[in-house]
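The file work38.txt comes next; it holds compact mmCIF, C-alpha atoms.
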# COMPACT_ATOMS: atom_id res chain seq x y z
CA MET X 17 23.38 12.49 9.22
CA ASP X 18 21.39 9.35 8.39
CA LYS X 19 18.19 11.17 9.45
CA GLU X 20 18.83 13.86 6.85
CA ILE X 21 19.64 11.21 4.27
CA LEU X 22 16.32 9.49 4.97
CA LYS X 23 14.49 12.82 4.66
CA GLU X 24 16.08 13.43 1.26
CA ALA X 25 15.29 9.88 0.18
CA LEU X 26 11.65 10.36 1.17
CA GLN X 27 11.56 13.55 -0.86
CA ILE X 28 12.63 11.78 -4.03
CA ASP X 29 10.37 8.83 -3.21
CA TYR X 30 7.27 11.03 -3.21
CA ARG X 31 8.33 12.88 -6.36
CA LEU X 32 8.81 9.59 -8.19
CA ARG X 33 5.53 8.37 -6.74
CA SER X 34 3.74 11.32 -8.34
CA THR X 35 5.08 10.57 -11.81
CA PHE X 36 4.37 6.86 -11.31
CA PHE X 37 0.72 7.49 -10.37
CA TYR X 38 0.19 9.78 -13.35
CA ARG X 39 1.71 7.29 -15.78
CA LYS X 40 -0.18 4.31 -14.33
CA LEU X 41 -3.56 6.06 -14.53
CA HIS X 42 -3.00 6.23 -18.28
CA GLU X 43 -1.41 2.79 -18.67
CA LEU X 44 -4.21 1.03 -16.75
CA GLY X 45 -6.86 2.88 -18.75
CA PHE X 46 -8.57 4.76 -15.92
CA ASN X 47 -8.39 8.09 -17.73
CA SER X 48 -10.23 6.61 -20.72
CA PHE X 49 -12.84 4.55 -18.89
CA LEU X 50 -15.30 7.40 -18.37
CA ALA X 51 -15.25 8.18 -22.09
CA GLU X 52 -15.98 4.53 -22.90
CA ILE X 53 -18.81 4.42 -20.36
CA LYS X 54 -20.29 7.56 -21.93
CA LYS X 55 -20.37 5.75 -25.28
CA LEU X 56 -22.11 2.80 -23.65
CA ILE X 57 -24.69 5.10 -22.08
CA GLU X 58 -25.53 6.43 -25.54
CA LEU X 59 -26.25 2.83 -26.55
CA SER X 60 -28.20 1.92 -23.40
CA ASP X 61 -31.22 0.75 -25.37
CA ASN X 62 -29.00 -1.87 -27.00
CA PHE X 63 -28.61 -3.75 -23.71
CA SER X 64 -31.25 -5.89 -22.06
CA TRP X 65 -31.33 -6.19 -18.26
CA GLU X 66 -34.07 -8.80 -17.94
CA ALA X 67 -31.67 -11.35 -16.46
CA ARG X 68 -30.22 -8.88 -13.96
CA SER X 69 -31.21 -10.94 -10.95
CA ASN X 70 -28.79 -13.58 -12.20
CA TRP X 71 -26.04 -10.97 -12.57
CA GLY X 72 -25.82 -10.04 -8.88
CA ILE X 73 -27.99 -6.92 -9.08
CA SER X 74 -30.39 -6.40 -6.17
CA GLU X 75 -33.84 -4.98 -6.89
CA THR X 76 -33.41 -2.40 -4.14
CA ALA X 77 -30.21 -1.04 -5.71
CA TRP X 78 -31.86 -1.11 -9.15
CA SER X 79 -34.79 0.96 -7.87
CA ILE X 80 -32.48 3.50 -6.22
CA LEU X 81 -30.63 4.02 -9.51
CA GLU X 82 -33.91 4.44 -11.38
CA GLN X 83 -34.99 7.16 -8.96
CA SER X 84 -31.65 8.94 -9.22
CA ASN X 85 -31.65 8.81 -13.05
CA ILE X 86 -28.17 7.29 -13.08
CA PRO X 87 -27.65 5.07 -16.15
CA LYS X 88 -27.51 1.45 -15.01
CA ILE X 89 -24.63 0.63 -17.29
CA ALA X 90 -22.51 3.28 -15.58
CA VAL X 91 -22.64 1.25 -12.36
CA PHE X 92 -23.61 -2.34 -13.10
CA SER X 93 -21.57 -4.58 -15.38
CA HIS X 94 -23.32 -6.41 -18.20
CA PRO X 95 -21.97 -9.82 -19.36
CA ARG X 96 -22.01 -8.73 -22.97
CA VAL X 97 -20.03 -5.57 -22.25
CA LEU X 98 -17.32 -7.50 -20.43
CA GLN X 99 -17.03 -9.96 -23.30
CA GLU X 100 -16.87 -7.14 -25.84
CA GLN X 101 -14.54 -4.89 -23.83
CA PRO X 102 -12.73 -7.01 -21.20
CA LYS X 103 -10.57 -4.10 -19.99
CA LEU X 104 -13.71 -2.47 -18.55
CA SER X 105 -13.53 -5.12 -15.86
CA ALA X 106 -11.15 -2.71 -14.11
CA TYR X 107 -13.77 0.05 -14.24
CA TYR X 108 -16.66 -1.99 -12.83
CA ARG X 109 -14.40 -3.66 -10.26
CA SER X 110 -13.21 -0.23 -9.08
CA VAL X 111 -16.72 1.20 -8.87
CA ALA X 112 -17.50 -1.81 -6.69
CA VAL X 113 -14.41 -0.93 -4.58
CA LEU X 114 -13.00 -4.41 -5.06
CA PRO X 115 -9.20 -4.76 -5.16
CA GLN X 116 -7.75 -6.62 -8.14
CA LYS X 117 -6.14 -9.06 -5.72
CA ALA X 118 -9.57 -9.86 -4.25
CA ALA X 119 -11.10 -10.32 -7.71
CA LYS X 120 -8.35 -12.79 -8.58
CA LYS X 121 -9.19 -14.81 -5.47
CA LEU X 122 -12.97 -14.61 -5.78
CA ALA X 123 -13.15 -15.13 -9.55
CA PHE X 124 -10.03 -16.40 -11.35
CA SER X 125 -6.31 -15.69 -11.34
CA SER X 126 -6.08 -14.13 -14.81
CA VAL X 127 -8.18 -11.05 -13.98
CA ASP X 128 -5.09 -8.86 -14.14
CA SER X 129 -4.18 -10.16 -17.61
CA VAL X 130 -7.69 -9.50 -18.87
CA GLU X 131 -7.69 -5.97 -17.49
CA GLY X 132 -4.27 -5.43 -19.02
CA GLY X 133 -5.66 -6.18 -22.47
CA LYS X 134 -3.95 -9.57 -22.77
CA GLY X 135 -6.96 -11.83 -22.79
CA LYS X 136 -10.63 -12.32 -23.60
CA LEU X 137 -13.51 -13.32 -21.36
CA SER X 138 -15.63 -16.36 -22.01
CA GLN X 139 -19.36 -16.19 -21.31
CA ASP X 140 -19.07 -18.03 -17.99
CA LYS X 141 -16.17 -15.90 -16.75
CA ALA X 142 -17.89 -12.69 -17.77
CA LEU X 143 -20.99 -13.80 -15.88
CA LEU X 144 -18.93 -14.65 -12.80
CA LEU X 145 -17.32 -11.20 -12.76
CA CYS X 146 -20.69 -9.52 -13.20
CA GLN X 147 -22.14 -11.42 -10.26
CA ILE X 148 -19.24 -10.40 -8.03
CA TYR X 149 -18.96 -6.75 -9.10
CA ASN X 150 -22.70 -6.10 -9.16
CA SER X 151 -23.30 -7.65 -5.75
CA TYR X 152 -20.68 -5.35 -4.22
CA SER X 153 -22.05 -2.28 -6.02
CA SER X 154 -25.58 -3.20 -4.95
CA LEU X 155 -24.48 -3.30 -1.33
CA ILE X 156 -22.83 0.12 -1.61
CA ILE X 157 -25.93 1.68 -3.20
CA GLU X 158 -28.29 0.14 -0.64
CA ASN X 159 -26.26 1.52 2.24
CA THR X 160 -25.99 5.15 1.18
CA ASN X 161 -28.46 7.98 1.57
CA GLU X 162 -27.69 9.41 -1.84
CA TYR X 163 -25.78 7.79 -4.69
CA SER X 164 -24.61 10.14 -7.45
CA HIS X 165 -22.46 10.40 -10.59
CA THR X 166 -19.77 11.99 -8.41
CA ASP X 167 -19.76 8.92 -6.18
CA ILE X 168 -19.14 6.68 -9.18
CA GLN X 169 -16.07 8.62 -10.26
CA ALA X 170 -14.80 9.03 -6.68
CA LEU X 171 -15.03 5.28 -6.05
CA MET X 172 -13.29 4.48 -9.32
CA TYR X 173 -10.36 6.81 -8.67
CA ALA X 174 -10.10 5.79 -5.02
CA SER X 175 -9.83 2.16 -6.08
CA ALA X 176 -7.38 3.06 -8.82
CA GLY X 177 -5.22 4.89 -6.28
CA ALA X 178 -5.16 1.90 -3.94
CA GLN X 179 -4.22 -0.42 -6.81
CA ILE X 180 -1.48 1.87 -8.11
CA ASN X 181 -0.11 2.42 -4.62
CA GLY X 182 0.22 -1.33 -4.19
CA SER X 183 2.16 -1.50 -7.44
CA TRP X 184 4.29 1.47 -6.42
CA LEU X 185 5.67 -0.30 -3.37
CA ASN X 186 7.25 -2.85 -5.71
CA LYS X 187 8.25 -0.37 -8.41
CA ILE X 188 10.28 2.36 -6.68
CA GLY X 189 13.53 1.25 -8.27
CA GLU X 190 11.95 0.83 -11.69
CA GLU X 191 10.46 4.32 -11.64
CA ALA X 192 13.83 5.81 -10.69
CA GLU X 193 15.36 4.05 -13.68
CA LEU X 194 12.65 5.32 -16.05
CA LEU X 195 13.18 8.85 -14.75
CA THR X 196 16.92 8.55 -15.43
CA ARG X 197 16.20 7.41 -18.97
CA ARG X 198 14.02 10.47 -19.56
CA ILE X 199 16.70 12.79 -18.17
CA LEU X 200 19.21 11.42 -20.67
CA LEU X 201 16.82 11.25 -23.61
CA ARG X 202 15.30 14.72 -23.27
CA PRO X 203 18.39 16.72 -24.37
CA LEU X 204 19.08 14.16 -27.10
CA LEU X 205 15.58 14.69 -28.47
CA GLU X 206 15.89 18.47 -28.22
CA LYS X 207 19.17 18.32 -30.15
CA LYS X 208 17.73 15.78 -32.62
CA GLN X 209 20.50 13.32 -31.81
CA ILE X 210 18.30 10.20 -31.84
CA VAL X 211 17.96 8.45 -35.20
CA ALA X 212 16.18 5.27 -34.06
CA ALA X 213 14.34 3.82 -31.10
CA ILE X 214 14.97 0.15 -30.31
CA LEU X 215 11.93 -1.54 -28.77
CA LYS X 216 11.80 -4.42 -26.30
CA ASP X 217 10.18 -6.66 -28.92
CA GLY X 218 13.32 -6.41 -31.03
CA SER X 219 11.96 -4.00 -33.62
CA SER X 220 13.08 -0.42 -34.24
CA ARG X 221 11.30 2.81 -35.12
CA LEU X 222 12.78 5.53 -37.32
CA ASP X 223 9.72 7.69 -37.99
CA THR X 224 9.91 11.24 -36.68
CA GLU X 225 6.42 11.21 -35.17
CA TYR X 226 7.25 8.22 -32.97
CA LEU X 227 10.60 9.65 -31.88
CA GLU X 228 9.07 13.00 -30.94
CA ASP X 229 6.95 11.30 -28.25
CA LEU X 230 9.74 9.04 -27.02
CA LEU X 231 9.69 10.37 -23.45
CA ASP X 232 6.21 8.86 -23.01
CA LYS X 233 7.45 5.48 -24.25
CA VAL X 234 10.60 4.95 -22.20
CA ASN X 235 9.15 1.83 -20.61
CA LEU X 236 8.87 0.26 -24.08
CA LEU X 237 12.49 0.88 -25.05
CA SER X 238 15.53 -1.34 -24.96
CA GLY X 239 17.68 1.47 -26.32
CA VAL X 240 18.27 4.27 -28.82
CA ARG X 241 20.69 4.78 -31.72
CA LEU X 242 22.32 8.20 -32.02
CA ASN X 243 23.45 10.10 -35.10
CA ASN X 244 27.12 10.05 -34.01
CA GLN X 245 27.06 6.24 -34.43
CA THR X 246 26.85 5.52 -30.68
CA SER X 247 24.06 3.84 -28.69
CA ILE X 248 22.42 3.89 -25.28
CA LEU X 249 20.92 0.57 -24.15
CA PHE X 250 18.42 -0.09 -21.33
CA SER X 251 18.18 -3.39 -19.49
CA SER X 252 18.93 -4.78 -16.04
CA GLU X 253 22.41 -5.33 -14.65
CA PRO X 254 23.40 -2.81 -15.83
CA ASP X 255 20.39 -0.53 -15.99
CA ILE X 256 21.93 1.71 -18.66
CA SER X 257 24.85 1.01 -21.02
CA LEU X 258 26.65 3.43 -23.35
CA LEU X 259 28.30 2.01 -26.47
CA ASN X 260 30.76 3.74 -28.80
CA PHE X 261 30.79 3.60 -32.61
CA SER X 262 32.50 0.20 -32.66
CA GLY X 263 30.07 -1.36 -30.18
CA GLU X 264 32.50 -1.23 -27.29
CA LEU X 265 31.05 -0.68 -23.84
CA VAL X 266 32.12 2.80 -22.70
CA ALA X 267 30.13 3.28 -19.49
CA ILE X 268 27.38 1.71 -17.41
CA ILE X 269 24.92 3.23 -14.96
CA GLU X 270 23.23 1.51 -12.03
CA VAL X 271 20.17 3.30 -10.63
CA LYS X 272 19.02 2.60 -7.08
CA GLY X 273 15.95 4.54 -5.97
CA GLY X 274 15.18 2.81 -2.66
CA LYS X 275 14.48 5.04 0.33
CA ASP X 276 15.15 2.78 3.33
CA THR X 277 18.53 3.18 5.02
CA ALA X 278 18.54 -0.48 6.08
CA GLY X 279 18.74 -1.59 2.45
CA ALA X 280 21.35 0.97 1.38
CA LEU X 281 24.27 -1.45 1.73
CA GLU X 282 22.39 -4.15 -0.16
CA ARG X 283 21.67 -1.78 -3.06
CA TYR X 284 25.29 -0.69 -3.15
CA GLY X 285 26.36 -4.35 -3.19
CA ALA X 286 24.05 -5.13 -6.12
CA ALA X 287 25.44 -2.20 -8.11
CA LYS X 288 29.02 -3.20 -7.29
CA LYS X 289 28.38 -6.74 -8.56
CA SER X 290 27.13 -5.33 -11.87
CA PHE X 291 30.17 -3.05 -12.13
CA GLU X 292 32.56 -5.91 -11.46
CA GLU X 293 30.99 -7.99 -14.21
CA ALA X 294 31.30 -5.11 -16.68
CA ARG X 295 34.93 -4.58 -15.68
CA ARG X 296 35.60 -8.27 -16.26
CA ILE X 297 34.58 -7.78 -19.89
CA ASN X 298 36.19 -4.37 -20.32
CA SER X 299 38.62 -3.12 -17.68
CA LYS X 300 38.33 0.46 -18.96
CA VAL X 301 34.55 0.80 -18.67
CA ILE X 302 33.40 3.80 -16.63
CA THR X 303 31.00 2.93 -13.81
CA ILE X 304 28.33 5.33 -12.52
CA PHE X 305 26.30 4.80 -9.35
CA LEU X 306 23.07 6.79 -9.05
CA ALA X 307 21.32 6.43 -5.68
CA SER X 308 18.82 8.27 -3.51
CA CYS X 309 19.81 6.93 -0.10
CA ILE X 310 23.55 6.92 0.56
CA THR X 311 24.28 6.38 4.25
CA ASP X 312 27.53 7.26 6.02
CA GLU X 313 28.69 3.65 5.76
CA VAL X 314 27.90 3.39 2.05
CA TYR X 315 29.63 6.73 1.46
CA ARG X 316 32.71 5.48 3.29
CA ARG X 317 32.84 2.34 1.16
CA LEU X 318 32.29 4.27 -2.05
CA SER X 319 35.18 6.58 -1.19
CA ASN X 320 37.53 3.59 -1.15
CA ASP X 321 35.96 1.55 -3.95
CA GLU X 322 37.99 1.60 -7.14
CA VAL X 323 35.23 -0.23 -9.01
CA VAL X 324 32.91 2.79 -8.76
CA ASN X 325 34.11 5.78 -10.78
CA HIS X 326 31.29 8.25 -10.22
CA THR X 327 28.48 8.57 -7.68
CA TYR X 328 25.52 10.89 -8.17
CA ASP X 329 22.84 11.89 -5.69
CA LEU X 330 19.50 10.94 -7.25
CA THR X 331 17.62 13.20 -4.83
CA GLN X 332 19.43 16.29 -6.08
CA ILE X 333 18.94 15.25 -9.69
CA VAL X 334 15.18 14.90 -9.19
CA THR X 335 14.74 18.14 -7.25
CA SER X 336 16.99 20.43 -9.31
CA GLU X 337 16.62 21.21 -13.01
CA GLN X 338 20.18 22.54 -13.05
CA THR X 339 21.48 19.29 -11.59
CA ARG X 340 19.57 17.25 -14.17
CA HIS X 341 21.33 19.25 -16.89
CA ASP X 342 24.67 18.66 -15.18
CA PHE X 343 24.12 14.93 -14.89
CA ALA X 344 22.99 14.49 -18.49
CA SER X 345 25.87 16.63 -19.73
CA ASP X 346 28.48 14.66 -17.75
CA VAL X 347 27.16 11.28 -18.89
CA LEU X 348 26.61 12.08 -22.55
CA LYS X 349 30.13 13.49 -22.89
CA LEU X 350 31.30 9.91 -22.40
CA ILE X 351 29.96 9.11 -25.88
CA GLU X 352 31.21 12.39 -27.28
CA ILE X 353 27.94 14.30 -27.15
CA ASN X 354 28.10 17.84 -25.82
CA ILE X 355 24.66 19.14 -24.87
CA ALA X 356 25.84 22.26 -23.08
CA ILE X 357 24.59 25.54 -24.58
CA ALA X 358 27.02 28.41 -24.25
CA ASP X 359 25.76 31.36 -22.18
CA GLU X 360 22.43 29.62 -21.64
CA ILE X 361 23.24 27.03 -19.00
CA GLN X 362 26.08 27.33 -16.54
CA TYR X 363 27.10 23.79 -15.69
CA THR X 364 28.32 22.95 -12.22
CA ASP X 365 29.17 19.77 -10.37
CA SER X 366 26.42 20.17 -7.74
CA SER X 367 24.93 16.76 -8.47
CA LEU X 368 28.22 15.03 -7.82
CA ILE X 369 28.78 13.91 -4.25
CA GLN X 370 31.87 11.95 -5.20
CA LYS X 371 33.87 11.94 -8.39
CA LYS X 372 37.09 10.03 -8.82
CA LYS X 373 39.70 10.92 -11.36

Target format structure tokens, applied to this file:
Amino acid sequence: MDKEILKEALQIDYRLRSTFFYRKLHELGFNSFLAEIKKLIELSDNFSWEARSNWGISETAWSILEQSNIPKIAVFSHPRVLQEQPKLSAYYRSVAVLPQKAAKKLAFSSVDSVEGGKGKLSQDKALLLCQIYNSYSSLIIENTNEYSHTDIQALMYASAGAQINGSWLNKIGEEAELLTRRILLRPLLEKKQIVAAILKDGSSRLDTEYLEDLLDKVNLLSGVRLNNQTSILFSSEPDISLLNFSGELVAIIEVKGGKDTAGALERYGAAKKSFEEARRINSKVITIFLASCITDEVYRRLSNDEVVNHTYDLTQIVTSEQTRHDFASDVLKLIEINIAIADEIQYTDSSLIQKKK
């Protein structure tokens, strides 16, 4: 049975991986880099390359680009550009097929902060990055028979994929949690139940335009306020909390998206610890365990664990639209929200592998 469990866990892992990659391409700026480079190309005459030999650019690579009519600024980084637009470090680094981890070791440790838009580049640091990126790009150009615009984009996205994949290995659980947030928020948005978004910085947003795009901002949220005077909060331990009109904790959800069977017991133990702490504060709180890899041993323990009220199969929730509706409906009823639509959706308990009364 464990083999089938692992197969199901892998299925959800790759589905979550797809959504993670898509979101990260946008968050890291890769989908906007080409548009920014196009703007720079239009201003090519505004940049001098006289000092290029000091910027890591080989004359051979320069000559090859001239013959191919590829704009130099589309391949080689310019110190002024990096100072003006530090986030483009990620673009030029990727075109040079240099991992961010390598750039941090070869240049300086704050490369990731700069590329994340959290810092500026001094003249000396911009020069250092140019020398590194351009020397790598020069080597690539010198060792190819034909270097084209397609190669530039292919290298950038290949590097982006490697970087995002590295992040993914550490973010499986987080992506599962974000997916769960979206599943709960979607019907609330459709029914116009959300009156305010609470952000991680402590502020709140009430404007309709912001709330309409809330599904794309779930990673920025610490919770939402609903028009029936209840709230849903996002944090860690527990991942999701449901509060009633008086601020009392009604239910908590722990989301565990790991795929390895070896860590299944550990993930169950972490969720149980969170549930026990919540029960210490409120003995009546309803506990919900959402996991993608539930082995025979974990299932046996869950069956006899009075601390865990409900267990849902995350794999089924991800793969079945019907099951997503079921899960959201079951959970939101705990704060007196009924999202079921008569004669339109027939709710079942297919997502539930174990439900205790």

Can you pull out every residue within 12 Å of Val130 (chain X), counting all atoms listed in the file, but drop anything in the same chain fewer than 2 positions away, and send it as a VMD selection string? chain X and resid 44 98 to 106 116 119 to 120 124 to 128 132 to 138 141 to 142 145

Rank nothing, just name the residue among X:Asp229, X:Arg317, X:Ile199, X:Lys300 nearest to Glu337 (chain X), using all atoms listed in the file. X:Ile199

Could you tell me how far CA of Thr303 (chain X) lies from CA of Ser238 (chain X), in Å and to one decimal?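 Value for the CA of Thr303 (chain X)-CA of Ser238 (chain X) distance: 19.5 Å.
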
Interatomic distance (Å, one decimal) between CA of Leu227 (chain X) and CA of Ala213 (chain X):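 Between CA of Leu227 (chain X) and CA of Ala213 (chain X) the gap is 7.0 Å.
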
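Proximity to Ser164 (chain X) was assessed for X:Gly45, X:Gly218, X:Pro87, X:Gly279 counting all atoms listed in the file; the smallest distance is recorded for X:Pro87.
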
Calculated over all atoms listed in the file, which of the candidates X:Phe305, X:Phe343, X:Trp78, X:Tyr108 has the smallest distance to Thr327 (chain X)? X:Phe305

Selected residue, from X:Ser64, X:Ser220, X:Thr311, X:Gln332, that lies nearest to Val240 (chain X) when counting only C-alpha atoms: X:Ser220

Name the closest residue to Ile89 (chain X) among the candidates X:Arg340, X:Lys272, X:Arg68, X:Lys117; distances are taken between atoms, counting only C-alpha atoms.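 Smallest separation from Ile89 (chain X) among the options: X:Arg68.
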
Between CA of Tyr173 (chain X) and CA of Thr76 (chain X), what is the spacing in Å? 25.2 Å

Which of these, X:Glu193, X:Asp167, X:Asp312, X:Asp346, has the shortest distance to Ile86 (chain X) once you count all atoms listed in the file?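 Answer, going by the shortest atom-to-atom distance: X:Asp167.
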
Spatial neighbours of Lys55 (chain X), 12 Å, only C-alpha atoms, chain gap at least 5 places, as a PDB file with C-alpha atoms, in the frame of the given file:
ATOM      1  CA  SER X  48     -10.230   6.610 -20.720  1.00  0.00           C
ATOM      2  CA  PHE X  49     -12.840   4.550 -18.890  1.00  0.00           C
ATOM      3  CA  LEU X  50     -15.300   7.400 -18.370  1.00  0.00           C
ATOM      4  CA  SER X  60     -28.200   1.920 -23.400  1.00  0.00           C
ATOM      5  CA  ASP X  61     -31.220   0.750 -25.370  1.00  0.00           C
ATOM      6  CA  ASN X  62     -29.000  -1.870 -27.000  1.00  0.00           C
ATOM      7  CA  PRO X  87     -27.650   5.070 -16.150  1.00  0.00           C
ATOM      8  CA  ILE X  89     -24.630   0.630 -17.290  1.00  0.00           C
ATOM      9  CA  ALA X  90     -22.510   3.280 -15.580  1.00  0.00           C
ATOM     10  CA  VAL X  97     -20.030  -5.570 -22.250  1.00  0.00           C
TER      11      VAL X  97
END

What's the 12 Å shell around Glu253 (chain X), counting all atoms listed in the file, without same-chain residues fewer than 6 positions away, as an mmCIF file with C-alpha atoms, in the coordinates of the input?
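part_28.cif, written as the output of this step:
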data_model
loop_
_atom_site.group_PDB
_atom_site.id
_atom_site.type_symbol
_atom_site.label_atom_id
_atom_site.label_comp_id
_atom_site.auth_asym_id
_atom_site.auth_seq_id
_atom_site.Cartn_x
_atom_site.Cartn_y
_atom_site.Cartn_z
ATOM 1 C CA GLU X 193 15.360 4.050 -13.680
ATOM 2 C CA ILE X 268 27.380 1.710 -17.410
ATOM 3 C CA ILE X 269 24.920 3.230 -14.960
ATOM 4 C CA GLU X 270 23.230 1.510 -12.030
ATOM 5 C CA VAL X 271 20.170 3.300 -10.630
ATOM 6 C CA LYS X 272 19.020 2.600 -7.080
ATOM 7 C CA ALA X 286 24.050 -5.130 -6.120
ATOM 8 C CA ALA X 287 25.440 -2.200 -8.110
ATOM 9 C CA LYS X 288 29.020 -3.200 -7.290
ATOM 10 C CA LYS X 289 28.380 -6.740 -8.560
ATOM 11 C CA SER X 290 27.130 -5.330 -11.870
ATOM 12 C CA PHE X 291 30.170 -3.050 -12.130
ATOM 13 C CA GLU X 292 32.560 -5.910 -11.460
ATOM 14 C CA GLU X 293 30.990 -7.990 -14.210
ATOM 15 C CA ALA X 294 31.300 -5.110 -16.680
ATOM 16 C CA THR X 303 31.000 2.930 -13.810
#
